[in-house]
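Data file: final_6.cif. Format and content: mmCIF, C-alpha atoms.
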data_structure
#
loop_
_atom_site.label_atom_id
_atom_site.label_comp_id
_atom_site.auth_asym_id
_atom_site.auth_seq_id
_atom_site.Cartn_x
_atom_site.Cartn_y
_atom_site.Cartn_z
CA SER G 1 -20.87 40.98 39.02
CA SER G 2 -23.23 43.90 39.58
CA ASP G 3 -21.12 46.41 37.63
CA VAL G 4 -21.62 44.55 34.35
CA CYS G 5 -24.21 46.14 32.14
CA SER G 6 -27.15 43.98 31.11
CA SER G 7 -26.15 44.40 27.45
CA ASP G 8 -22.93 42.40 27.98
CA LEU G 9 -22.68 38.68 27.44
CA CYS G 10 -19.94 37.12 29.54
CA ILE G 11 -18.64 33.59 29.09
CA GLN G 12 -16.10 32.08 31.42
CA SER G 13 -14.46 28.68 31.27
CA ALA G 14 -11.99 27.04 33.62
CA LEU G 15 -9.53 24.26 32.88
CA LEU G 16 -8.03 22.25 35.72
CA TYR G 17 -4.75 20.60 34.72
CA THR G 18 -1.49 19.24 36.04
CA ASN G 19 1.71 20.75 34.64
CA SER G 20 4.87 18.77 33.84
CA GLU G 21 6.17 19.28 37.40
CA GLY G 22 3.07 17.73 38.97
CA GLU G 23 1.55 21.02 40.14
CA ARG G 24 -2.21 21.41 39.87
CA ARG G 25 -3.23 24.59 38.02
CA ILE G 26 -6.43 26.28 36.97
CA ARG G 27 -6.53 28.30 33.78
CA VAL G 28 -9.52 30.64 33.49
CA HIS G 29 -10.63 32.22 30.21
CA THR G 30 -13.17 35.04 30.16
CA TRP G 31 -14.81 36.52 27.09
CA ALA G 32 -17.28 39.40 27.02
CA GLY G 33 -19.31 40.69 24.12
CA LEU G 34 -21.88 43.39 23.65
CA THR G 35 -25.45 42.40 22.92
CA THR G 36 -28.41 44.31 21.67
CA GLN G 37 -32.02 43.72 20.83
CA ASN G 38 -31.93 46.39 18.13
CA TYR G 39 -31.94 44.61 14.74
CA ASN G 40 -30.40 47.60 12.93
CA ASP G 41 -27.42 47.63 15.33
CA ILE G 42 -26.80 43.96 14.58
CA ILE G 43 -27.04 44.47 10.82
CA GLN G 44 -24.82 47.58 10.88
CA SER G 45 -22.08 45.66 12.72
CA ILE G 46 -21.66 43.01 10.00
CA ASP G 47 -18.10 42.57 8.72
CA VAL G 48 -18.66 41.76 5.04
CA GLN G 49 -15.26 40.18 4.46
CA ALA G 50 -15.52 37.98 7.57
CA VAL G 51 -19.02 36.84 6.58
CA THR G 52 -17.77 36.13 3.05
CA SER G 53 -14.98 33.95 4.38
CA MET G 54 -17.35 32.15 6.75
CA LEU G 55 -19.94 31.55 4.02
CA SER G 56 -17.31 30.05 1.73
CA HIS G 57 -16.24 27.63 4.47
CA VAL G 58 -19.86 26.67 5.16
CA ALA G 59 -20.60 26.17 1.45
CA ILE G 60 -17.48 24.04 0.97
CA GLU G 61 -18.38 21.90 3.97
CA HIS G 62 -21.96 21.53 2.70
CA ALA G 63 -20.74 20.62 -0.80
CA LEU G 64 -18.42 17.98 0.67
CA LYS G 65 -21.24 16.43 2.71
CA THR G 66 -23.76 16.47 -0.16
CA ASP G 67 -22.68 17.63 -3.63
CA MET G 68 -21.64 20.77 -5.50
CA THR G 69 -25.21 21.64 -6.49
CA GLU G 70 -26.30 21.66 -2.86
CA GLY G 71 -23.30 23.82 -1.91
CA ARG G 72 -24.28 26.32 -4.61
CA ASN G 73 -27.92 26.19 -3.49
CA LYS G 74 -26.83 27.00 0.07
CA LEU G 75 -24.99 30.09 -1.18
CA THR G 76 -27.98 31.13 -3.29
CA ALA G 77 -30.31 30.75 -0.31
CA GLN G 78 -27.94 32.84 1.83
CA CYS G 79 -27.91 35.54 -0.84
CA GLN G 80 -31.72 35.61 -0.89
CA THR G 81 -31.76 35.93 2.91
CA VAL G 82 -29.31 38.83 2.77
CA VAL G 83 -31.38 40.62 0.12
CA GLN G 84 -34.54 40.19 2.23
CA ALA G 85 -32.70 41.53 5.29
CA GLY G 86 -31.59 44.47 3.15
CA ASN G 87 -35.25 45.35 2.61
CA VAL G 88 -35.63 45.73 6.38
CA ALA G 89 -32.43 47.81 6.72
CA PRO G 90 -32.08 49.58 3.35
CA ASN G 91 -29.30 51.93 4.48
CA CYS G 92 -26.95 49.16 5.59
CA GLU G 93 -23.79 49.25 3.48
CA ALA G 94 -22.77 45.72 4.51
CA LEU G 95 -25.98 44.22 3.18
CA GLN G 96 -25.47 46.01 -0.11
CA PHE G 97 -22.02 44.46 -0.67
CA LEU G 98 -22.59 40.95 0.68
CA PRO G 99 -24.67 39.77 -2.34
CA LEU G 100 -21.85 41.03 -4.58
CA TYR G 101 -19.35 38.80 -2.76
CA ILE G 102 -21.75 35.83 -2.84
CA MET G 103 -22.21 36.25 -6.59
CA GLY G 104 -18.42 36.34 -6.87
CA MET G 105 -18.32 33.04 -4.97
CA LEU G 106 -20.85 31.45 -7.31
CA LYS G 107 -18.84 32.54 -10.37
CA SER G 108 -15.46 31.55 -8.93
CA PRO G 109 -13.71 28.27 -9.82
CA ALA G 110 -14.41 27.14 -6.24
CA PHE G 111 -18.18 26.96 -6.79
CA ARG G 112 -18.74 27.41 -10.53
CA ALA G 113 -21.20 24.83 -11.88
CA SER G 114 -19.23 23.61 -14.86
CA ASN G 115 -17.20 20.63 -15.92
CA ASP G 116 -14.15 22.66 -16.98
CA ILE G 117 -12.65 22.33 -13.48
CA SER G 118 -11.30 18.93 -12.53
CA VAL G 119 -12.04 17.40 -9.15
CA ASP G 120 -8.35 17.70 -8.22
CA MET G 121 -8.24 21.38 -9.16
CA ARG G 122 -11.41 22.14 -7.20
CA ALA G 123 -10.01 20.27 -4.17
CA GLN G 124 -6.82 22.32 -4.42
CA ILE G 125 -8.82 25.56 -4.59
CA TRP G 126 -10.88 24.52 -1.56
CA MET G 127 -7.73 23.69 0.41
CA ARG G 128 -6.29 27.07 -0.54
CA LEU G 129 -9.47 28.84 0.58
CA ALA G 130 -9.27 27.03 3.91
CA THR G 131 -5.86 28.60 4.59
CA LEU G 132 -6.47 32.15 3.35
CA ASN G 133 -7.03 34.91 5.86
CA VAL G 134 -10.25 36.95 5.74
CA SER G 135 -9.02 39.74 3.46
CA GLN G 136 -7.34 37.30 1.06
CA ALA G 137 -10.51 35.20 0.78
CA ALA G 138 -12.58 38.31 0.11
CA ALA G 139 -10.10 39.42 -2.59
CA TYR G 140 -10.31 35.96 -4.18
CA PHE G 141 -14.09 36.27 -4.62
CA TYR G 142 -14.10 39.99 -5.44
CA PRO G 143 -10.67 40.83 -6.92
CA ARG G 144 -9.17 44.27 -6.61
CA MET G 145 -8.78 46.24 -9.84
CA MET G 146 -6.50 49.25 -10.07
CA SER G 147 -5.96 51.71 -12.89
CA LEU G 148 -2.26 51.99 -13.76
CA HIS G 149 -2.40 54.44 -16.66
CA ASP G 150 -3.60 57.35 -14.52
CA ALA G 151 -2.05 56.39 -11.17
CA PRO G 152 -0.75 59.31 -9.09
CA GLU G 153 3.02 59.95 -9.06
CA HIS G 154 3.53 58.59 -5.53
CA CYS G 155 1.90 55.22 -6.33
CA GLY G 156 4.23 52.30 -6.91
CA LEU G 157 7.08 53.85 -4.97
CA PRO G 158 8.10 53.06 -1.39
CA ASP G 159 7.38 55.72 1.21
CA ALA G 160 9.60 56.61 4.20
CA ASP G 161 8.54 53.39 5.98
CA GLY G 162 9.25 51.24 2.91
CA LYS G 163 5.56 50.62 2.16
CA VAL G 164 4.47 50.83 -1.46
CA THR G 165 1.33 52.86 -2.09
CA LEU G 166 -1.09 51.29 -4.56
CA PRO G 167 -3.63 53.13 -6.71
CA ASP G 168 -7.22 53.30 -5.49
CA MET G 169 -9.37 50.23 -6.03
CA LEU G 170 -11.96 50.50 -8.81
CA ASN G 171 -15.33 48.82 -9.07
CA LEU G 172 -15.34 45.72 -11.25
CA THR G 173 -17.60 47.25 -13.88
CA SER G 174 -17.14 48.27 -17.49
CA GLU G 175 -17.99 51.85 -16.50
CA SER G 176 -14.77 51.94 -14.44
CA MET G 177 -12.64 51.13 -17.47
CA GLN G 178 -11.41 52.99 -20.53
CA GLN G 179 -10.69 51.22 -23.81
CA ASP G 180 -7.07 52.43 -23.93
CA GLY G 181 -6.40 52.06 -20.18
CA VAL G 182 -4.03 49.72 -18.37
CA TYR G 183 -5.39 47.87 -15.34
CA LEU G 184 -4.07 45.53 -12.70
CA LEU G 185 -6.46 42.87 -11.42
#
Go ahead and render the structure in this file as structure tokens.
Amino acid sequence: SSDVCSSDLCIQSALLYTNSEGERRIRVHTWAGLTTQNYNDIIQSIDVQAVTSMLSHVAIEHALKTDMTEGRNKLTAQCQTVVQAGNVAPNCEALQFLPLYIMGMLKSPAFRASNDISVDMRAQIWMRLATLNVSQAAAYFYPRMMSLHDAPEHCGLPDADGKVTLPDMLNLTSESMQQDGVYLL
């Protein structure tokens, strides 16, 4: 239609079917998405956790079709591509965190290049990753760490809605930790 802006991409599909009562029906699905030619807008809109989940699925599929080394190589190549893209858009927060998640993938039992993980265990991990939602998959590759020894008073207790407040997430670095601290990973 003429009122649609040229930066929208519209896709419409129609399905003609017969219901159980013999009536002919048409089901129409319409999807619209914004488009841009501005590279920085595209890069800034990246959802790091969704990309992490997608990359793990792609790497698993590639490893199944070829071998584990090729699956790891695919992840490494993706990481290099992300770092190169980060040089073009240096202020993009998503591109700064994506290599961190990819490195977490490479070190995880799902993709680690070692013989200490049996084929059955790796298959179980891959099946688990296939069923995790986006935030769970991201937490698997970059676990959350919380400091318990200095948690605020309200943390760990249910609020008025019954939700338990957790302490703030810390970076997974030695600088975030104290020798005598207690942490939950």
Any chance you could work out the residue set of the PyMOL selection byres ((chain G and resi 35) around 10) here, as a ChimeraX atom specification? /G:6-9,32-34,36-38,41-42
Find the residues around range 118-121 of chain G up to 9 Å (all atoms listed in the file counted), leave out those fewer than 5 positions away in its own chain, and share them as a PyMOL selection string. chain G and resi 109-110+126
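Using the PyMOL selection byres ((chain G and resi 168) around 8) on this structure selects Met146, Ser147, Leu166, Pro167, Met169 and Leu170 of chain G.
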If the PyMOL selection byres ((chain G and resi 172) around 12) were run on this exact file, what residues would it hold? Put them as a PDB file with C-alpha atoms, in the frame of the given file.
ATOM      1  CA  LEU G 100     -21.850  41.030  -4.580  1.00  0.00           C
ATOM      2  CA  TYR G 101     -19.350  38.800  -2.760  1.00  0.00           C
ATOM      3  CA  GLY G 104     -18.420  36.340  -6.870  1.00  0.00           C
ATOM      4  CA  ALA G 139     -10.100  39.420  -2.590  1.00  0.00           C
ATOM      5  CA  PHE G 141     -14.090  36.270  -4.620  1.00  0.00           C
ATOM      6  CA  TYR G 142     -14.100  39.990  -5.440  1.00  0.00           C
ATOM      7  CA  PRO G 143     -10.670  40.830  -6.920  1.00  0.00           C
ATOM      8  CA  ARG G 144      -9.170  44.270  -6.610  1.00  0.00           C
ATOM      9  CA  MET G 145      -8.780  46.240  -9.840  1.00  0.00           C
ATOM     10  CA  MET G 146      -6.500  49.250 -10.070  1.00  0.00           C
ATOM     11  CA  SER G 147      -5.960  51.710 -12.890  1.00  0.00           C
ATOM     12  CA  MET G 169      -9.370  50.230  -6.030  1.00  0.00           C
ATOM     13  CA  LEU G 170     -11.960  50.500  -8.810  1.00  0.00           C
ATOM     14  CA  ASN G 171     -15.330  48.820  -9.070  1.00  0.00           C
ATOM     15  CA  THR G 173     -17.600  47.250 -13.880  1.00  0.00           C
ATOM     16  CA  SER G 174     -17.140  48.270 -17.490  1.00  0.00           C
ATOM     17  CA  GLU G 175     -17.990  51.850 -16.500  1.00  0.00           C
ATOM     18  CA  SER G 176     -14.770  51.940 -14.440  1.00  0.00           C
ATOM     19  CA  MET G 177     -12.640  51.130 -17.470  1.00  0.00           C
ATOM     20  CA  TYR G 183      -5.390  47.870 -15.340  1.00  0.00           C
ATOM     21  CA  LEU G 184      -4.070  45.530 -12.700  1.00  0.00           C
ATOM     22  CA  LEU G 185      -6.460  42.870 -11.420  1.00  0.00           C
TER      23      LEU G 185
END
Taking (-20.3, 38.0, 2.0) in the coordinates of the supplied file, I want to know which residues reach to within 7 Å of it, counting only C-alpha atoms; could you give the answer as a list of chain:residue names? G:Val48, G:Gln49, G:Val51, G:Thr52, G:Leu55, G:Leu98, G:Pro99, G:Tyr101, G:Ile102
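Of note, CA of Leu106 in chain G and CA of Asp67 in chain G are spaced 14.4 Å apart.
Distances here use only C-alpha atoms; by that measure, the residue among G:Met103, G:Leu157, G:Leu64, G:Ala89 closest to Thr76 in chain G is G:Met103.
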Rounded to one decimal place, report the CA of His29 in chain G-CA of Leu16 in chain G distance in Å. 11.7 Å
Leaving out Thr165 in chain G and any residue of its chain fewer than 2 positions from it, which residues lie within 8 Å of it when counting only C-alpha atoms, given as number ranges by chain? G: 154-159, 163, 167
